[in-house]
Structure formats: structure tokens, C-alpha cells
Amino acid sequence: MLRWKDILYYAKYSNPEPPRRVEKTDAEWQARLTPAQYVVLRQQGTEPPYRNAYCRSYEPGVYACAGCGSVLFDAGTKYHAMSGWPSFTQPVAKNAIRYAFDDSHHMQRIEAVCNVCSGHLGHVFADGPEPGGLRYCMNSASLVRLAAG
């Protein structure tokens with residue numbers, strides 16, 4: 001189980017190695033993604049709160065990166081954080097997500113990025129429920145939900 005000290009360590013020193021890498025040109029990303037997905041995943045955009053696909057969705061399954069299909073979160077770790085965006089307590093694996101310090105918009109945050117394709121997912125905060133205390137606040141546009149199998 002990841003904790004806040006792990007996230008800070010990864011952001012400061014070194015993230016876990018990804019299981020594989022997906023690299024595309026900007027033109028290839030634009031052709032592959034919807035305009036909303038492109039803005040979030042490739043331009044570090046943020047979708048409007050509460051008006052996104054997965055904010056109020058709690059169906060079973062897994063959530064994968066909309067850019068490369070890498071599985072990032074299990075629906076069982078999703079919870080109602082009242083933040084306006086889908087929130088999770090833990091990724092499926094410690095190497096699913098890469099972390100980086102983000103001081104944009106006059107805030108200090110930790111950016112969560114797909115470790116396989118470097119797509120912007122959202123941010124992780126230390127105000128989640130126990131036992132891990134993490135809140136992965138993700139953009140719905142960066143995710144696709146795959147039904148339980």
C-alpha cells in the first residue's frame with residue numbers, strides 16, 4: 001500500500017520503472033484521442049468538476065488510461081470524495097503512476113501521470129481515507145472504465 005511518504009519520495013527522487021513505454025508524436029496523439037482527452041492527457045488540462053463521466057459512477061471494473069490502455073485503478077478503490085472528480089485511494093500497482101511536483105496555478109501539488117504514456121491524469125493528495133490516506137483526484141477524460149470480467 002502506498003502512503004504519502006512514498007509519493008513524495010517518488011516525486012523527489014525516482015519513480016518506479018513502468019512495465020512498458022508508449023510514445024507517439026503529437027499528431028498521433030491528436031488522431032487517437034478525443035479533443036477533451038487530448039487537452040487533459042497531453043496538455044495537462046482539467047475538466048469541469050461534477051460534469052464529467054466518472055464523478056458519480058461506481059460500477060465494478062477497472063479504470064485504464066485513455067491514452068494507452070494501461071490499467072491504473074480498480075473500481076473497488078473509488079470513493080465519493082465530494083471533490084467533483086473521480087477519486088481513488090490506491091493505484092492497481094506501485095508502478096502504474098508516475099509522480100511529479102506541480103506548482104502551477106499558485107498551488108503546490110503532486111501531479112499523477114500515466115507511467116506508460118506520460119499522459120496527465122490529475123493529482124494526488126494526502127487527504128484521503130485511511131488506511132493509506134491518499135486521494136487520487138483524476139480527470140474522467142484521462143480514463144476509460146472497463147467492465148468487470
# chains A, B, ... in the order shown; residues from 1 in each chain; ligands from 1
$ residues_around --residues "stretch 68-85 of chain A" --least-positions-apart "3" --cutoff "9 Å" --atoms "only C-alpha atoms" --output "number ranges by chain"
A: 22, 47-52, 54-56, 58-65, 88-93, 96-97, 114-117, 119, 128, 135, 137-140, 143-145
$ select_by_dssp --residues "chain A" --states "strand (DSSP E)" --output "compact mmCIF listing (two decimals) with C-alpha atoms, in the first residue's frame"
# COMPACT_ATOMS: atom_id res chain seq x y z
CA GLY A 61 -14.46 -2.90 -13.21
CA VAL A 62 -11.12 -1.23 -13.69
CA TYR A 63 -10.08 2.19 -14.92
CA ALA A 64 -7.42 2.37 -17.61
CA CYS A 65 -5.51 5.23 -19.19
CA VAL A 71 -4.85 -0.35 -16.13
CA LEU A 72 -4.49 2.26 -13.38
CA PHE A 73 -7.22 1.78 -10.76
CA ASP A 74 -9.65 -0.87 -9.59
CA LYS A 78 -13.03 4.50 -5.93
CA TYR A 79 -14.86 6.57 -3.33
CA SER A 87 -11.28 9.79 -6.65
CA PHE A 88 -9.39 6.62 -5.78
CA ILE A 97 1.59 6.03 -12.00
CA ARG A 98 4.50 8.46 -12.11
CA TYR A 99 4.58 11.43 -9.73
CA ALA A 100 5.95 14.95 -10.19
CA PHE A 101 5.85 18.17 -8.20
CA ASP A 102 3.43 20.68 -9.75
CA ARG A 109 0.53 19.65 -5.66
CA ILE A 110 1.72 16.26 -6.82
CA GLU A 111 0.81 15.52 -10.42
CA ALA A 112 -0.22 11.96 -11.28
CA VAL A 113 0.91 10.85 -14.76
CA CYS A 114 0.45 7.54 -16.57
CA HIS A 120 -1.62 13.72 -17.37
CA LEU A 121 -4.23 12.05 -15.15
CA GLY A 122 -4.79 14.50 -12.32
CA HIS A 123 -3.25 14.97 -8.88
CA VAL A 124 -2.76 13.01 -5.68
CA PHE A 125 -3.37 14.49 -2.23
CA ARG A 135 -6.83 10.76 -2.68
CA TYR A 136 -6.08 10.28 -6.36
CA CYS A 137 -8.20 13.04 -7.91
CA MET A 138 -8.39 12.09 -11.59
CA LEU A 143 -9.70 7.35 -18.01
CA VAL A 144 -11.77 4.61 -19.60
CA ARG A 145 -13.74 2.20 -17.42
CA LEU A 146 -13.50 -1.43 -18.43
CA ALA A 147 -16.33 -3.65 -17.21
$ select_by_dssp --residues "stretch 81-140 of chain A" --states "helix (DSSP H, G or I)" --output "NGL selection string"
:A and (104-106 or 140)
$ write_last_selection --atoms "N, CA, C and O atoms" --output "PDB file, in the first residue's frame"
ATOM      1  N   SER A 104       1.927  24.741 -10.527  1.00  0.00           N
ATOM      2  CA  SER A 104       1.135  25.594 -11.415  1.00  0.00           C
ATOM      3  C   SER A 104      -0.108  26.125 -10.688  1.00  0.00           C
ATOM      4  O   SER A 104      -0.512  25.592  -9.646  1.00  0.00           O
ATOM      5  N   HIS A 105      -0.685  27.152 -11.216  1.00  0.00           N
ATOM      6  CA  HIS A 105      -1.919  27.755 -10.690  1.00  0.00           C
ATOM      7  C   HIS A 105      -1.782  28.195  -9.230  1.00  0.00           C
ATOM      8  O   HIS A 105      -2.742  28.144  -8.469  1.00  0.00           O
ATOM      9  N   HIS A 106      -0.578  28.610  -8.841  1.00  0.00           N
ATOM     10  CA  HIS A 106      -0.306  29.117  -7.500  1.00  0.00           C
ATOM     11  C   HIS A 106      -0.635  28.097  -6.404  1.00  0.00           C
ATOM     12  O   HIS A 106      -1.084  28.457  -5.314  1.00  0.00           O
ATOM     13  N   SER A 140     -11.891  12.467 -15.535  1.00  0.00           N
ATOM     14  CA  SER A 140     -12.590  11.395 -16.256  1.00  0.00           C
ATOM     15  C   SER A 140     -12.080  11.254 -17.682  1.00  0.00           C
ATOM     16  O   SER A 140     -12.007  10.151 -18.212  1.00  0.00           O
TER      17      SER A 140
END
$ residues_around --residues "A:Val40" --least-positions-apart "4" --cutoff "7 Å" --atoms "only C-alpha atoms" --output "list in words"
Ala36, Gln44, Gly45, Thr46, His120, Ala141 and Ser142 of chain A
$ atom_distance --atom1 "atom CA of A:Gly133" --atom2 "atom CA of A:Ala148"
25.8 Å
$ atom_distance --atom1 "atom CA of A:Glu17" --atom2 "atom CA of A:Val39"
25.6 Å
$ closest_residue --among "A:Asp127, A:Lys24, A:Lys94, A:Ser118" --to "A:Met1" --atoms "only C-alpha atoms"
A:Lys94
$ closest_residue --among "A:Arg21, A:Pro129, A:Ser57, A:Gly67" --to "A:Arg42" --atoms "only C-alpha atoms"
A:Gly67
$ decode --residues "stretch 54-89 of chain A" --atoms "C-alpha atoms" --output "compact mmCIF listing (two decimals), in the first residue's frame"
# COMPACT_ATOMS: atom_id res chain seq x y z
CA TYR A 54 -16.99 9.12 -13.81
CA CYS A 55 -17.59 11.57 -10.97
CA ARG A 56 -20.75 9.76 -9.82
CA SER A 57 -20.13 6.35 -11.38
CA TYR A 58 -19.45 3.40 -9.04
CA GLU A 59 -19.84 0.40 -11.33
CA PRO A 60 -17.45 -2.55 -10.93
CA GLY A 61 -14.46 -2.90 -13.21
CA VAL A 62 -11.12 -1.23 -13.69
CA TYR A 63 -10.08 2.19 -14.92
CA ALA A 64 -7.42 2.37 -17.61
CA CYS A 65 -5.51 5.23 -19.19
CA ALA A 66 -7.49 6.65 -22.12
CA GLY A 67 -4.21 7.21 -23.96
CA CYS A 68 -2.55 3.81 -23.83
CA GLY A 69 -4.97 1.42 -22.14
CA SER A 70 -2.76 0.67 -19.13
CA VAL A 71 -4.85 -0.35 -16.13
CA LEU A 72 -4.49 2.26 -13.38
CA PHE A 73 -7.22 1.78 -10.76
CA ASP A 74 -9.65 -0.87 -9.59
CA ALA A 75 -13.22 0.38 -9.16
CA GLY A 76 -13.15 -1.04 -5.63
CA THR A 77 -10.75 1.74 -4.61
CA LYS A 78 -13.03 4.50 -5.93
CA TYR A 79 -14.86 6.57 -3.33
CA HIS A 80 -17.06 9.64 -3.04
CA ALA A 81 -14.62 12.40 -2.11
CA MET A 82 -17.01 15.28 -2.93
CA SER A 83 -14.25 16.89 -4.99
CA GLY A 84 -16.08 16.93 -8.34
CA TRP A 85 -13.74 14.43 -9.96
CA PRO A 86 -13.41 10.65 -9.66
CA SER A 87 -11.28 9.79 -6.65
CA PHE A 88 -9.39 6.62 -5.78
CA THR A 89 -7.42 5.51 -2.73
